[in-house]
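This is entry.cif. It holds mmCIF, C-alpha atoms.
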data_upload
loop_
_atom_site.label_atom_id
_atom_site.label_comp_id
_atom_site.auth_asym_id
_atom_site.auth_seq_id
_atom_site.Cartn_x
_atom_site.Cartn_y
_atom_site.Cartn_z
CA MET A 1 -103.96 -32.60 -0.45
CA SER A 2 -100.76 -30.69 0.27
CA ALA A 3 -99.81 -27.63 -1.75
CA PHE A 4 -96.11 -28.22 -0.99
CA LYS A 5 -94.22 -29.07 -4.16
CA LEU A 6 -90.59 -30.08 -4.15
CA THR A 7 -88.50 -29.58 -7.26
CA ARG A 8 -85.62 -31.87 -8.10
CA ARG A 9 -83.10 -29.13 -7.40
CA SER A 10 -84.52 -28.29 -3.97
CA ALA A 11 -84.72 -32.00 -3.12
CA LEU A 12 -81.04 -32.42 -4.04
CA VAL A 13 -80.04 -29.37 -1.98
CA ALA A 14 -82.00 -30.69 0.99
CA PHE A 15 -80.41 -34.12 0.68
CA VAL A 16 -76.88 -32.71 0.53
CA ALA A 17 -77.58 -30.42 3.49
CA LEU A 18 -78.84 -33.35 5.55
CA ALA A 19 -76.12 -35.77 4.55
CA GLY A 20 -73.28 -33.25 4.84
CA SER A 21 -70.41 -33.12 2.44
CA PRO A 22 -67.77 -35.86 2.54
CA ALA A 23 -65.01 -33.28 2.94
CA VAL A 24 -66.63 -31.89 6.08
CA ALA A 25 -67.04 -35.40 7.48
CA GLU A 26 -63.36 -36.22 6.84
CA ARG A 27 -62.20 -32.97 8.44
CA ARG A 28 -64.32 -33.68 11.52
CA ALA A 29 -62.91 -37.21 11.77
CA LEU A 30 -59.36 -35.88 11.54
CA ALA A 31 -60.05 -33.28 14.22
CA ARG A 32 -61.27 -36.00 16.60
CA LEU A 33 -57.98 -37.87 16.28
CA GLY A 34 -56.13 -35.15 18.23
CA SER A 35 -52.36 -34.72 18.30
CA PHE A 36 -49.98 -37.21 16.79
CA GLY A 37 -47.12 -37.55 19.30
CA GLY A 38 -43.75 -37.57 17.60
CA ILE A 39 -44.98 -36.55 14.16
CA HIS A 40 -43.98 -33.06 13.04
CA VAL A 41 -45.02 -31.73 9.62
CA ASP A 42 -43.49 -28.48 8.37
CA VAL A 43 -45.44 -26.89 5.50
CA ALA A 44 -43.68 -23.48 5.56
CA PRO A 45 -41.84 -24.13 2.25
CA LEU A 46 -45.09 -25.35 0.70
CA LEU A 47 -46.91 -22.25 1.95
CA ALA A 48 -44.29 -20.10 0.23
CA ASN A 49 -44.51 -22.15 -3.00
CA SER A 50 -48.21 -22.99 -3.30
CA GLY A 51 -50.01 -20.89 -0.71
CA GLU A 52 -53.35 -21.64 0.83
CA PRO A 53 -55.47 -23.75 0.85
CA THR A 54 -52.96 -26.37 -0.33
CA ALA A 55 -50.56 -25.93 2.60
CA GLY A 56 -53.44 -26.04 5.07
CA TRP A 57 -54.80 -29.21 3.55
CA VAL A 58 -51.39 -30.90 3.79
CA ALA A 59 -50.96 -29.73 7.41
CA GLN A 60 -54.39 -31.16 8.18
CA THR A 61 -54.25 -34.50 6.35
CA LEU A 62 -50.60 -35.59 6.52
CA PRO A 63 -50.07 -36.07 10.31
CA PRO A 64 -53.01 -38.49 10.77
CA ALA A 65 -52.05 -40.30 7.56
CA ILE A 66 -48.49 -40.80 8.84
CA ALA A 67 -49.79 -41.94 12.25
CA GLN A 68 -52.07 -44.46 10.58
CA ALA A 69 -49.33 -45.73 8.25
CA LEU A 70 -46.86 -46.09 11.14
CA ALA A 71 -49.45 -47.97 13.20
CA ALA A 72 -50.03 -50.33 10.28
CA VAL A 73 -46.35 -51.34 10.33
CA GLY A 74 -46.21 -51.56 14.13
CA ARG A 75 -44.21 -48.36 14.76
CA SER A 76 -46.89 -46.03 16.10
CA GLY A 77 -44.53 -44.29 18.54
CA ALA A 78 -41.80 -43.43 16.02
CA SER A 79 -40.50 -39.86 15.89
CA VAL A 80 -40.92 -38.47 12.37
CA ALA A 81 -40.18 -34.99 11.02
CA VAL A 82 -41.46 -34.17 7.54
CA THR A 83 -40.93 -31.04 5.47
CA ILE A 84 -43.13 -30.62 2.41
CA ASP A 85 -41.64 -28.42 -0.30
CA TYR A 86 -43.99 -28.89 -3.25
CA VAL A 87 -47.40 -30.27 -4.14
CA ILE A 88 -47.77 -30.53 -7.89
CA LEU A 89 -51.27 -31.21 -9.20
CA GLY A 90 -51.53 -32.35 -12.80
CA PRO A 91 -54.12 -30.99 -15.22
CA ASN A 92 -57.76 -31.14 -14.14
CA SER A 93 -58.78 -32.28 -17.61
CA GLY A 94 -56.80 -35.50 -17.47
CA GLY A 95 -53.40 -36.39 -18.75
CA THR A 96 -51.23 -39.03 -20.34
CA GLY A 97 -51.32 -41.48 -17.42
CA PRO A 98 -53.24 -44.72 -17.13
CA ALA A 99 -56.81 -44.37 -18.48
CA GLY A 100 -56.33 -40.65 -19.16
CA SER A 101 -55.30 -39.80 -15.61
CA SER A 102 -52.91 -37.06 -14.60
CA PRO A 103 -50.10 -37.51 -12.07
CA ASP A 104 -50.05 -35.55 -8.81
CA GLN A 105 -46.86 -35.35 -6.74
CA MET A 106 -45.84 -34.41 -3.20
CA ILE A 107 -42.16 -33.65 -2.73
CA GLY A 108 -40.37 -33.20 0.57
CA THR A 109 -37.90 -34.61 3.08
CA VAL A 110 -38.29 -37.08 5.94
CA THR A 111 -36.23 -37.49 9.10
CA ILE A 112 -37.01 -40.56 11.17
CA GLY A 113 -35.91 -40.71 14.79
CA GLY A 114 -33.64 -37.66 14.48
CA GLY A 115 -31.38 -39.55 12.07
CA VAL A 116 -30.58 -38.98 8.44
CA THR A 117 -32.82 -36.69 6.39
CA SER A 118 -33.93 -38.30 3.13
CA PRO A 119 -35.75 -36.83 0.15
CA LEU A 120 -39.13 -38.35 -0.61
CA ARG A 121 -41.50 -38.03 -3.54
CA ALA A 122 -44.95 -39.59 -3.63
CA THR A 123 -47.18 -39.84 -6.68
CA SER A 124 -50.89 -40.50 -7.00
CA TRP A 125 -53.08 -40.50 -10.07
CA TYR A 126 -56.08 -38.24 -10.60
CA TYR A 127 -58.94 -39.51 -12.74
CA PRO A 128 -61.14 -36.55 -13.74
CA ALA A 129 -64.90 -36.73 -13.32
CA ALA A 130 -67.56 -34.54 -14.88
CA SER A 131 -68.54 -33.09 -11.51
CA ASP A 132 -64.99 -31.95 -10.72
CA ALA A 133 -65.29 -28.82 -12.86
CA ALA A 134 -68.16 -27.54 -10.73
CA MET A 135 -66.49 -28.44 -7.43
CA ILE A 136 -62.83 -27.76 -8.18
CA GLU A 137 -61.84 -26.90 -4.60
CA GLN A 138 -63.32 -30.12 -3.22
CA SER A 139 -61.72 -32.08 -6.04
CA ASN A 140 -58.31 -30.56 -5.28
CA TYR A 141 -58.76 -31.30 -1.57
CA TYR A 142 -59.29 -34.98 -2.36
CA ARG A 143 -56.23 -34.94 -4.59
CA VAL A 144 -54.11 -33.54 -1.74
CA TYR A 145 -55.69 -36.04 0.65
CA ASN A 146 -54.72 -38.93 -1.66
CA LEU A 147 -51.18 -37.54 -1.97
CA SER A 148 -50.92 -37.39 1.83
CA GLN A 149 -51.93 -41.05 2.03
CA ALA A 150 -49.32 -42.01 -0.59
CA PHE A 151 -46.60 -39.93 1.09
CA ALA A 152 -47.42 -41.47 4.48
CA TYR A 153 -47.16 -44.97 3.00
CA TRP A 154 -43.60 -44.27 1.85
CA VAL A 155 -42.70 -42.65 5.19
CA ALA A 156 -43.80 -45.82 6.99
CA ARG A 157 -41.80 -47.98 4.59
CA GLY A 158 -38.66 -46.05 5.56
CA VAL A 159 -39.09 -46.75 9.28
#
Target encoding structure tokens, full file:
Amino acid sequence: MSAFKLTRRSALVAFVALAGSPAVAERRALARLGSFGGIHVDVAPLLANSGEPTAGWVAQTLPPAIAQALAAVGRSGASVAVTIDYVILGPNSGGTGPAGSSPDQMIGTVTIGGGVTSPLRATSWYYPAASDAAMIEQSNYYRVYNLSQAFAYWVARGV
């Protein structure tokens, strides 16, 4: 008989270590996609307003999201310049939105094909979970990721 005993906590830690976190998996997938041609994302105003890690997350998640959204509408080679000014995350405890959610917003400008620059605001809804309090940074990363997807959708609609 083995004297090795595994507690629930150590089993959970081992499982998470083997499976890897979803955030790490997403970041690796984004890194494999490489550069995104004519897509330029400027997060300098966001860096001045919100700082890190928010600006870094936007710089990491928005270009592939725009590339994917443009490909979905058949314009994968379009030249797009985006400047992100603000990312506003609603309260972590929930809000007055649908089912107690809180609104998150990404505000910036979009220039497509070197033409007219247009303001753009995207909104997504955050539904708090009990585990979010313990993993606030990961929770906020997913919120920024969802905002990037929403912003990219509206960029592609303007093409």
Would you mind telling me which residue in A:Leu62, A:Leu89, A:Val155, A:Ala55 lies nearest to Ser139 (chain A) when using only C-alpha atoms?
A:Leu89
Rank nothing, just name the residue among A:Ile84, A:Ala152, A:Ile107, A:Leu120 nearest to Pro64 (chain A), using only C-alpha atoms.
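The closest residue to Pro64 (chain A) is A:Ala152.
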For CA of Ala67 (chain A) and CA of Ile88 (chain A), quote the distance in Å rounded to one decimal.
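It comes out at 23.2 Å.
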Once the PyMOL selection byres ((chain A and resi 103) around 9) is applied to the coordinates I shared, what remains selected? I want it as a PDB file with C-alpha atoms, in the coordinates of the input.
ATOM      1  CA  ILE A  88     -47.770 -30.530  -7.890  1.00  0.00           C
ATOM      2  CA  LEU A  89     -51.270 -31.210  -9.200  1.00  0.00           C
ATOM      3  CA  GLY A  90     -51.530 -32.350 -12.800  1.00  0.00           C
ATOM      4  CA  PRO A  91     -54.120 -30.990 -15.220  1.00  0.00           C
ATOM      5  CA  GLY A  94     -56.800 -35.500 -17.470  1.00  0.00           C
ATOM      6  CA  GLY A  95     -53.400 -36.390 -18.750  1.00  0.00           C
ATOM      7  CA  THR A  96     -51.230 -39.030 -20.340  1.00  0.00           C
ATOM      8  CA  GLY A  97     -51.320 -41.480 -17.420  1.00  0.00           C
ATOM      9  CA  SER A 101     -55.300 -39.800 -15.610  1.00  0.00           C
ATOM     10  CA  SER A 102     -52.910 -37.060 -14.600  1.00  0.00           C
ATOM     11  CA  ASP A 104     -50.050 -35.550  -8.810  1.00  0.00           C
ATOM     12  CA  GLN A 105     -46.860 -35.350  -6.740  1.00  0.00           C
ATOM     13  CA  THR A 123     -47.180 -39.840  -6.680  1.00  0.00           C
ATOM     14  CA  SER A 124     -50.890 -40.500  -7.000  1.00  0.00           C
ATOM     15  CA  TRP A 125     -53.080 -40.500 -10.070  1.00  0.00           C
ATOM     16  CA  TYR A 126     -56.080 -38.240 -10.600  1.00  0.00           C
TER      17      TYR A 126
END
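Between CA of Ser148 (chain A) and CA of Ala69 (chain A) the interatomic distance comes to 10.6 Å.
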Might you spell out which residues the PyMOL selection byres ((chain A and resi 85-87) around 9) would select in the displayed file, as a PDB file with C-alpha atoms, in the coordinates of the input?
ATOM      1  CA  ASP A  42     -43.490 -28.480   8.370  1.00  0.00           C
ATOM      2  CA  VAL A  43     -45.440 -26.890   5.500  1.00  0.00           C
ATOM      3  CA  ALA A  44     -43.680 -23.480   5.560  1.00  0.00           C
ATOM      4  CA  PRO A  45     -41.840 -24.130   2.250  1.00  0.00           C
ATOM      5  CA  LEU A  46     -45.090 -25.350   0.700  1.00  0.00           C
ATOM      6  CA  LEU A  47     -46.910 -22.250   1.950  1.00  0.00           C
ATOM      7  CA  ALA A  48     -44.290 -20.100   0.230  1.00  0.00           C
ATOM      8  CA  ASN A  49     -44.510 -22.150  -3.000  1.00  0.00           C
ATOM      9  CA  SER A  50     -48.210 -22.990  -3.300  1.00  0.00           C
ATOM     10  CA  THR A  54     -52.960 -26.370  -0.330  1.00  0.00           C
ATOM     11  CA  ALA A  55     -50.560 -25.930   2.600  1.00  0.00           C
ATOM     12  CA  VAL A  58     -51.390 -30.900   3.790  1.00  0.00           C
ATOM     13  CA  THR A  83     -40.930 -31.040   5.470  1.00  0.00           C
ATOM     14  CA  ILE A  84     -43.130 -30.620   2.410  1.00  0.00           C
ATOM     15  CA  ILE A  88     -47.770 -30.530  -7.890  1.00  0.00           C
ATOM     16  CA  LEU A  89     -51.270 -31.210  -9.200  1.00  0.00           C
ATOM     17  CA  ASP A 104     -50.050 -35.550  -8.810  1.00  0.00           C
ATOM     18  CA  GLN A 105     -46.860 -35.350  -6.740  1.00  0.00           C
ATOM     19  CA  MET A 106     -45.840 -34.410  -3.200  1.00  0.00           C
ATOM     20  CA  ILE A 107     -42.160 -33.650  -2.730  1.00  0.00           C
ATOM     21  CA  GLY A 108     -40.370 -33.200   0.570  1.00  0.00           C
ATOM     22  CA  THR A 109     -37.900 -34.610   3.080  1.00  0.00           C
ATOM     23  CA  VAL A 144     -54.110 -33.540  -1.740  1.00  0.00           C
ATOM     24  CA  LEU A 147     -51.180 -37.540  -1.970  1.00  0.00           C
TER      25      LEU A 147
END
Measuring between only C-alpha atoms, which one of A:Glu52, A:Ser93, A:Gly38, A:Tyr141 shows the shortest distance to Ala129 (chain A)?
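Going through A:Glu52, A:Ser93, A:Gly38, A:Tyr141 one by one, the smallest distance to Ala129 (chain A) is for A:Ser93.
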Which residue of A:Trp57, A:Pro119, A:Gln68, A:Ala78 approaches Tyr142 (chain A) most closely, using all atoms listed in the file
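That would be A:Trp57, the residue with the smallest distance to Tyr142 (chain A).
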Which residue, A:Ile136, A:Ala72, A:Val116, A:Val80, has the smallest gap to Val41 (chain A) when you use all atoms listed in the file?
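Answer, going by the shortest atom-to-atom distance: A:Val80.
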Which residue of A:Pro128, A:Ser118, A:Ala59, A:His40 approaches Pro98 (chain A) most closely, using all atoms listed in the file
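With all atoms listed in the file as the atom set, the closest residue is A:Pro128.
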Using only C-alpha atoms, determine which residues lie at most 9 Å from Tyr153 (chain A), disregarding the query and same-chain residues fewer than 2 positions distant; provide the list as a PyMOL selection string.
chain A and resi 65-66+69-70+122+148-151+155-158
Would you mind reading off the distance between CA of Gly77 (chain A) and CA of Thr117 (chain A), one decimal, in Å?
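Atom-to-atom, CA of Gly77 (chain A) and CA of Thr117 (chain A) are spaced 18.5 Å apart.
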